[in-house]
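Asks: Below is one structure. I have some questions about it.
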Amino acid sequence: MSAQNYVSQSFGPAFNWKKVLRNHGGLVALAVILVFNILVTPNFLQLQTLFVNISQVATIAIVAMGMTLVIATGGIDLSVGAIMALAGAIAPLIFQSEFGQMYPVLGVALAIGFPVLVAMACGLFNGALVSILKVQPIIATLILFISGRGIAQVLTNGNLQTFKNPAFSYLGTGKILGLPFQGWLAIVIAIVLFWVINRTIFGRYVLAVGGNERAATLSGGPVRRVKIAVYIICGALAGLAGLIVVAINSASDAARNGDLMELDAIAAAVVGGALLQGGRAPIFGAILGAVIIQLVKYTLLANGVEDEVALIAKALIIVAAVYVQQARKE
Amino acid sequence: MSAIQKAFNGVVALDGASLEIEKGEVHALIGQNGAGKSTLIKILTGVYRSDDGAVEFDGAESLISSPREAQAAGIATIYQELNLVPLRSVTENIVMGYEPKKLGVFIDWDEAHNRAREILKRFGIDIDVTARLGSFSTAIQQLVAIARAVSLDAKLVIMDEPTSSLDVSEVKVLFGVVRSLRDAGVSVLYVSHFLDELFEICDRVTTMRDGRTVDCRKMDGVTKLGLISGMLGRDSSEIAEAGMTEFSGGAAKHGEVLLHADNIATGPRLTKLDMTVHRGEIVGLGGLLGSGRTEAARALFGIDPLASGTVSLKGLDARLETPAAAIKAGIAFLTEDRKAEGIIPDMTVRENLTLALLPKLTRNGQIDRAREREIVQGFIEALGIKTAGMEQPIRELSGGNQQKVLLARWLAVEPELLILDEPTRGVDVGAKREIQAIIRDFVSKGFGVVLISSEFEELVEGADRIVVLNEGRSITELKNPGITEDILVHALAHTDGEAA
């Protein structure tokens, strides 16, 4: 590597496109999408566009960060979309209950705290299956992927729950310094997780477990607990994202909340540089990945391309990201 | 086969290997790791091509160039890892690819089951052939593999370590099958590390060493000592003579007892181990492959749970149920499999080095990074680790330097007992000397070391005492000064009965 640097430097300022793409593919892709939109998409350079995208991207980013931690241990979590639906279904049930109406402040606090706890319990369930019963992550999380949304729909009798609750809706519609609240929330979570990964013993173990689980075990690492913990964190973040979606819409639809989110989150994590075999946890990469995925969706939508085609575009992004990863390995 | 030569990328693996197997004989092939047994077999079965030399099979020059052709010619190989399909029935596994057909398309299952039953009956095996193969023991599965080979008219069956995962009664059944093969005029090439077995079942034995076949003899004309000396390249009379002067006096005390393992067992690979490590002492575990050396280390480090026996540390009962508990108790374990169990390839030298130390580097969950760097820098200098810096990924280091980082990982936790499984395997000579010096320095501080090595020279020179293992049991103990490689080899050749 260093020898290569030396060579390219000594032979003049030749710009190595391949290398830039390999190491900063995400940023390059983002730049391309931005330039394309500025030139093509009408009204792209407007505050309204920014707000719409931030509020959308925040939920993807929050879930993708949890997913990044799980992937860093060599796992995967398919249940995040279902957990969103579940958390989102529980919240209105609480603040719209008699108790919630009588004590509005406590009601909203519980409507945020309790669903997140339920989401963490879902994560505990996933983590226990994976680390104690040694079920393959993709199968273990498939259980809640299927049943979680079902439970949410049973809880709400399959109804769309609409509500008016400004305090709760602040989660999805509030603004700080003119920017959407959930955008700030995503940034705060990113900073905390970045610190956790890089500065704490837990973060080091997460990377060690994904990098070589046998070695981590033989070095005395609490491999089981670490694995359970990442699924709990991932569950909690998914639950939070579910609440945000409900707050944005002032309505909870258990059938649609978080639908296909697992794929967006995995895609964002991979585009952000996570390796599916584990050992790497690029937190800010996950945000970058979320931004790219959201912008591609938005670009196609804003230019009149149908939703179905957007799915194909998303698939192409993942293919590109995986290709870049493969190239990076060599 | 005669005068077979084979080199890989310029490294000579076989240098004039010759092997002659008669019709209807059980022929043993022995040799240490790296002697060339596998390469020779792979040439015989068409996996590799020889660079030079000739293979003759069934009276004619053989031009086998692929495993498929080998099978067609009547050479069948039963590998350690069976290449069968456990989820399908016994019958399907036996007739696979040669199913009897009805109307040319449909499989005639009645006929297939009958055929499978008949083939198995020839070996005295009576099992439900419609059951899934995976529901039977490894031994039965192995016999099914042999049955399949025979049903394909094999003239030569090659068995690679067939008994390594079998228990005593299963071995008996297998031997019965091998004998009936021989009686039916089928030849068997039998590769095994368990020398005692060979006397029971084989007619002749070919010994390999350093890519050559060094001799071929009738089984009833050789002794176990003779076989081992052939594998190691030593004169057996020399060994026998050296054996006369062995072990004088009891174990000298270095310091207080650090660890005592009393009659511990973890399973079929480790059935009875007694050993004591004193402070300031290097205790070697000597034994051939499969003798239970690594299993002993895994038991002491809490990887494999104890089935029986007790371990005490500094006189107190120790419950070592996980590696984490063992580390806490002051034990460290350097694995023999650096790649699979040691390094975390994508992590840096720094992160790899402090992995076991992390709990002690952490306050309120946060790693003390300044102290971490200081410790890592200290070890890089003290052990002479050659790296571009502590932030270099460990995979970019040479094997010897990776090993030093792993050694530092364990020295950093300041253990009292260090278990080293092949600490110098795959490292260059310079690094090897340095690692050995580090070990000696560690012991001189009053700590203890358990040293496992398949290099007898390293054991003999490095260890204060050597606990000799054979087939999962500690059979005797040798004490330095005075141990020579010949004495060690002689001790290995003892069977249980002689040692008692």
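Chain labels follow the order of the structure tokens: the first chain is A, the next B, and so on; residue numbering restarts at 1 in every chain, and ligands are counted from 1 in their shown order.
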Under the rule of at most 6 Å, produce a per-residue listing of chain B near chain A: chain, number, name, the closest pair of atoms, and the distance in Å, as a tab-separated table, using only C-alpha atoms.
Replies:
```
residue	atom	partner	partner_atom	distance
B:Pro323	CA	A:Gly220	CA	5.4
B:Ala324	CA	A:Gly220	CA	3.9
B:Glu341	CA	A:Ala215	CA	4.4
B:Gly342	CA	A:Ala215	CA	5.0
B:Ile344	CA	A:Asn212	CA	5.3
B:Ala356	CA	A:Ser219	CA	4.7
B:Gly365	CA	A:Thr200	CA	5.5
B:Gln366	CA	A:Thr200	CA	4.3
B:Ile367	CA	A:Thr200	CA	5.3
```
Asks: Would you put the residues from that selection into a file with all heavy atoms, as a short mmCIF file (atom, residue, chain, number, x, y, z; two decimals), in the first residue's frame?
Replies:
```cif
data_model
loop_
_atom_site.label_atom_id
_atom_site.label_comp_id
_atom_site.auth_asym_id
_atom_site.auth_seq_id
_atom_site.Cartn_x
_atom_site.Cartn_y
_atom_site.Cartn_z
N PRO B 323 -12.71 -20.31 29.00
CA PRO B 323 -11.42 -19.64 28.88
C PRO B 323 -11.35 -18.39 29.74
O PRO B 323 -10.32 -18.11 30.35
CB PRO B 323 -11.35 -19.29 27.39
CG PRO B 323 -12.17 -20.34 26.72
CD PRO B 323 -13.29 -20.62 27.68
N ALA B 324 -12.47 -17.66 29.84
CA ALA B 324 -12.46 -16.43 30.65
C ALA B 324 -12.13 -16.76 32.10
O ALA B 324 -11.35 -16.06 32.74
CB ALA B 324 -13.81 -15.73 30.54
N GLU B 341 -7.65 -19.56 15.40
CA GLU B 341 -8.02 -19.31 16.79
C GLU B 341 -7.20 -18.20 17.43
O GLU B 341 -7.43 -17.86 18.58
CB GLU B 341 -7.81 -20.59 17.63
CG GLU B 341 -8.61 -21.77 17.13
CD GLU B 341 -8.55 -22.94 18.11
OE1 GLU B 341 -7.50 -23.11 18.76
OE2 GLU B 341 -9.55 -23.65 18.21
N GLY B 342 -6.21 -17.68 16.71
CA GLY B 342 -5.32 -16.72 17.34
C GLY B 342 -5.56 -15.29 16.89
O GLY B 342 -6.16 -14.50 17.60
N ILE B 344 -6.85 -11.92 14.94
CA ILE B 344 -8.03 -11.34 14.30
C ILE B 344 -7.47 -10.55 13.13
O ILE B 344 -6.96 -9.45 13.32
CB ILE B 344 -8.82 -10.47 15.28
CG1 ILE B 344 -9.30 -11.37 16.42
CG2 ILE B 344 -9.99 -9.79 14.57
CD1 ILE B 344 -10.14 -10.68 17.45
N ALA B 356 -6.77 -9.84 25.23
CA ALA B 356 -7.03 -10.55 26.48
C ALA B 356 -6.91 -9.62 27.68
O ALA B 356 -7.44 -9.89 28.75
CB ALA B 356 -6.07 -11.73 26.63
N GLY B 365 -16.10 0.92 31.46
CA GLY B 365 -16.40 0.51 30.08
C GLY B 365 -15.53 1.16 29.04
O GLY B 365 -15.56 0.78 27.87
N GLN B 366 -14.75 2.17 29.44
CA GLN B 366 -13.97 2.91 28.46
C GLN B 366 -12.52 2.44 28.48
O GLN B 366 -11.92 2.30 29.56
CB GLN B 366 -14.04 4.40 28.79
CG GLN B 366 -13.74 5.28 27.60
CD GLN B 366 -13.81 6.75 27.96
OE1 GLN B 366 -14.43 7.13 28.95
NE2 GLN B 366 -13.17 7.57 27.16
N ILE B 367 -11.97 2.21 27.30
CA ILE B 367 -10.59 1.73 27.23
C ILE B 367 -9.63 2.89 27.47
O ILE B 367 -9.77 3.96 26.87
CB ILE B 367 -10.32 1.10 25.84
CG1 ILE B 367 -11.23 -0.12 25.64
CG2 ILE B 367 -8.86 0.70 25.71
CD1 ILE B 367 -11.23 -0.65 24.23
#
```
Asks: Could you pull the residues within 9 Å of A:Thr173, counting only C-alpha atoms, minus those fewer than 3 positions along the same chain, as a ChimeraX atom specification?
Replies: /A:55,166,169-170,180-182,244,247-249
Asks: Atom CA of B:Asp262 to atom CA of B:Phe447: how many Å, to one decimal?
Replies: 20.1 Å
Asks: Quick one: residues within 12 Å of B:Ser89, only C-alpha atoms, excluding same-chain residues fewer than 6 positions away - as a short mmCIF file (atom, residue, chain, number, x, y, z; two decimals) with N, CA, C and O atoms, in the first residue's frame?
Replies:
```cif
data_model
loop_
_atom_site.label_atom_id
_atom_site.label_comp_id
_atom_site.auth_asym_id
_atom_site.auth_seq_id
_atom_site.Cartn_x
_atom_site.Cartn_y
_atom_site.Cartn_z
N VAL B 95 -25.86 -47.11 -3.38
CA VAL B 95 -26.09 -47.30 -4.83
C VAL B 95 -25.97 -46.01 -5.63
O VAL B 95 -26.14 -46.03 -6.85
N MET B 96 -25.71 -44.90 -4.94
CA MET B 96 -25.72 -43.61 -5.62
C MET B 96 -24.90 -43.61 -6.92
O MET B 96 -23.74 -43.99 -6.94
N TRP B 109 -36.57 -49.43 -6.12
CA TRP B 109 -36.14 -49.34 -4.73
C TRP B 109 -36.02 -50.70 -4.05
O TRP B 109 -35.11 -50.91 -3.25
N ALA B 112 -32.86 -52.05 -5.02
CA ALA B 112 -31.77 -51.26 -4.43
C ALA B 112 -31.56 -51.63 -2.96
O ALA B 112 -30.43 -51.84 -2.51
N HIS B 113 -32.67 -51.69 -2.21
CA HIS B 113 -32.55 -52.05 -0.79
C HIS B 113 -31.95 -53.44 -0.63
O HIS B 113 -31.09 -53.66 0.21
N ALA B 116 -28.30 -53.33 -1.25
CA ALA B 116 -27.58 -52.71 -0.14
C ALA B 116 -27.46 -53.67 1.04
O ALA B 116 -26.40 -53.83 1.64
N ILE B 127 -28.32 -53.63 9.39
CA ILE B 127 -28.98 -52.39 9.82
C ILE B 127 -30.14 -52.10 8.89
O ILE B 127 -30.26 -52.71 7.82
N ASP B 128 -30.98 -51.16 9.31
CA ASP B 128 -32.11 -50.76 8.48
C ASP B 128 -31.60 -49.87 7.35
O ASP B 128 -31.23 -48.72 7.57
N VAL B 129 -31.58 -50.43 6.15
CA VAL B 129 -30.97 -49.68 5.05
C VAL B 129 -31.84 -48.54 4.57
O VAL B 129 -31.41 -47.68 3.79
N THR B 130 -33.10 -48.49 5.03
CA THR B 130 -33.96 -47.39 4.59
C THR B 130 -33.81 -46.18 5.50
O THR B 130 -34.30 -45.10 5.19
N ALA B 131 -33.12 -46.35 6.64
CA ALA B 131 -32.95 -45.22 7.57
C ALA B 131 -31.91 -44.25 7.02
O ALA B 131 -31.07 -44.60 6.20
N ARG B 132 -32.00 -43.03 7.53
CA ARG B 132 -31.03 -42.02 7.09
C ARG B 132 -29.64 -42.42 7.58
O ARG B 132 -29.48 -42.85 8.72
N LEU B 133 -28.66 -42.23 6.73
CA LEU B 133 -27.29 -42.60 7.09
C LEU B 133 -26.84 -41.85 8.34
O LEU B 133 -26.15 -42.38 9.19
N GLY B 134 -27.26 -40.57 8.42
CA GLY B 134 -26.82 -39.72 9.53
C GLY B 134 -27.29 -40.20 10.88
O GLY B 134 -26.79 -39.78 11.91
N SER B 135 -28.29 -41.11 10.91
CA SER B 135 -28.79 -41.58 12.20
C SER B 135 -27.89 -42.66 12.78
O SER B 135 -28.10 -43.12 13.89
N PHE B 136 -26.90 -43.09 12.02
CA PHE B 136 -25.99 -44.13 12.53
C PHE B 136 -24.68 -43.51 13.02
O PHE B 136 -24.37 -42.37 12.69
N GLN B 141 -21.20 -45.39 9.50
CA GLN B 141 -21.11 -44.58 8.28
C GLN B 141 -19.84 -44.92 7.51
O GLN B 141 -19.85 -45.01 6.28
N VAL B 144 -20.32 -48.10 5.79
CA VAL B 144 -21.15 -47.92 4.60
C VAL B 144 -20.29 -47.39 3.45
O VAL B 144 -20.43 -47.81 2.30
#
```
Asks: Here is a test: counting only C-alpha atoms, which residue of A:Gln294, A:Thr73, A:Gln325, A:Thr68 is nearest to A:His24?
Replies: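 The answer is A:Gln325, which sits nearest to A:His24.
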Asks: Find the residues near B:Phe199: any atom within 9 Å, counting only C-alpha atoms, skip ones fewer than 3 places away on the same chain, and give them as a JSON list (two decimals) with C-alpha atoms, in the first residue's frame.
Replies:
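In the end it all went to result-v2.json:
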```json
[["chain", "number", "residue", "atom", "x", "y", "z"],
["B", 195, "LEU", "CA", 0.86, -47.83, 15.69],
["B", 196, "ASP", "CA", -0.65, -50.48, 17.97],
["B", 202, "CYS", "CA", -1.65, -55.15, 8.81],
["B", 203, "ASP", "CA", 0.53, -57.58, 6.89],
["B", 219, "MET", "CA", 4.64, -56.56, 10.15],
["B", 220, "ASP", "CA", 5.61, -59.58, 12.22],
["B", 223, "THR", "CA", 8.71, -53.73, 16.73],
["B", 224, "LYS", "CA", 6.96, -50.53, 17.66]]
```
Asks: As a ChimeraX atom specification, please: the residues near B:Leu361 (cut-off 8 Å, only C-alpha atoms, same-chain neighbours under 3 positions excluded).
Replies: /B:357-358,367-368,371-372
Asks: Determine which residues of stretch 77-283 of chain A receive a DSSP assignment of alpha helix (DSSP H), computed from the backbone, and state them as JSON, numbers by chain.
Replies: {"A": [80, 81, 82, 83, 84, 85, 86, 87, 88, 89, 90, 91, 92, 93, 94, 95, 98, 99, 100, 101, 102, 104, 105, 106, 107, 108, 109, 110, 111, 112, 113, 114, 115, 116, 117, 118, 119, 120, 121, 122, 123, 124, 125, 126, 127, 128, 129, 130, 131, 137, 138, 139, 140, 141, 142, 143, 144, 145, 146, 147, 148, 149, 150, 151, 152, 153, 154, 155, 166, 167, 168, 169, 170, 171, 172, 173, 181, 182, 183, 184, 185, 186, 187, 188, 189, 190, 191, 192, 193, 194, 195, 196, 197, 198, 199, 201, 202, 203, 204, 205, 206, 207, 208, 209, 210, 211, 213, 214, 215, 216, 217, 218, 223, 224, 225, 226, 227, 228, 229, 230, 231, 232, 233, 234, 235, 236, 237, 238, 239, 240, 241, 242, 243, 244, 245, 246, 247, 248, 249, 261, 262, 263, 264, 265, 266, 267, 268, 269, 270, 271, 283]}
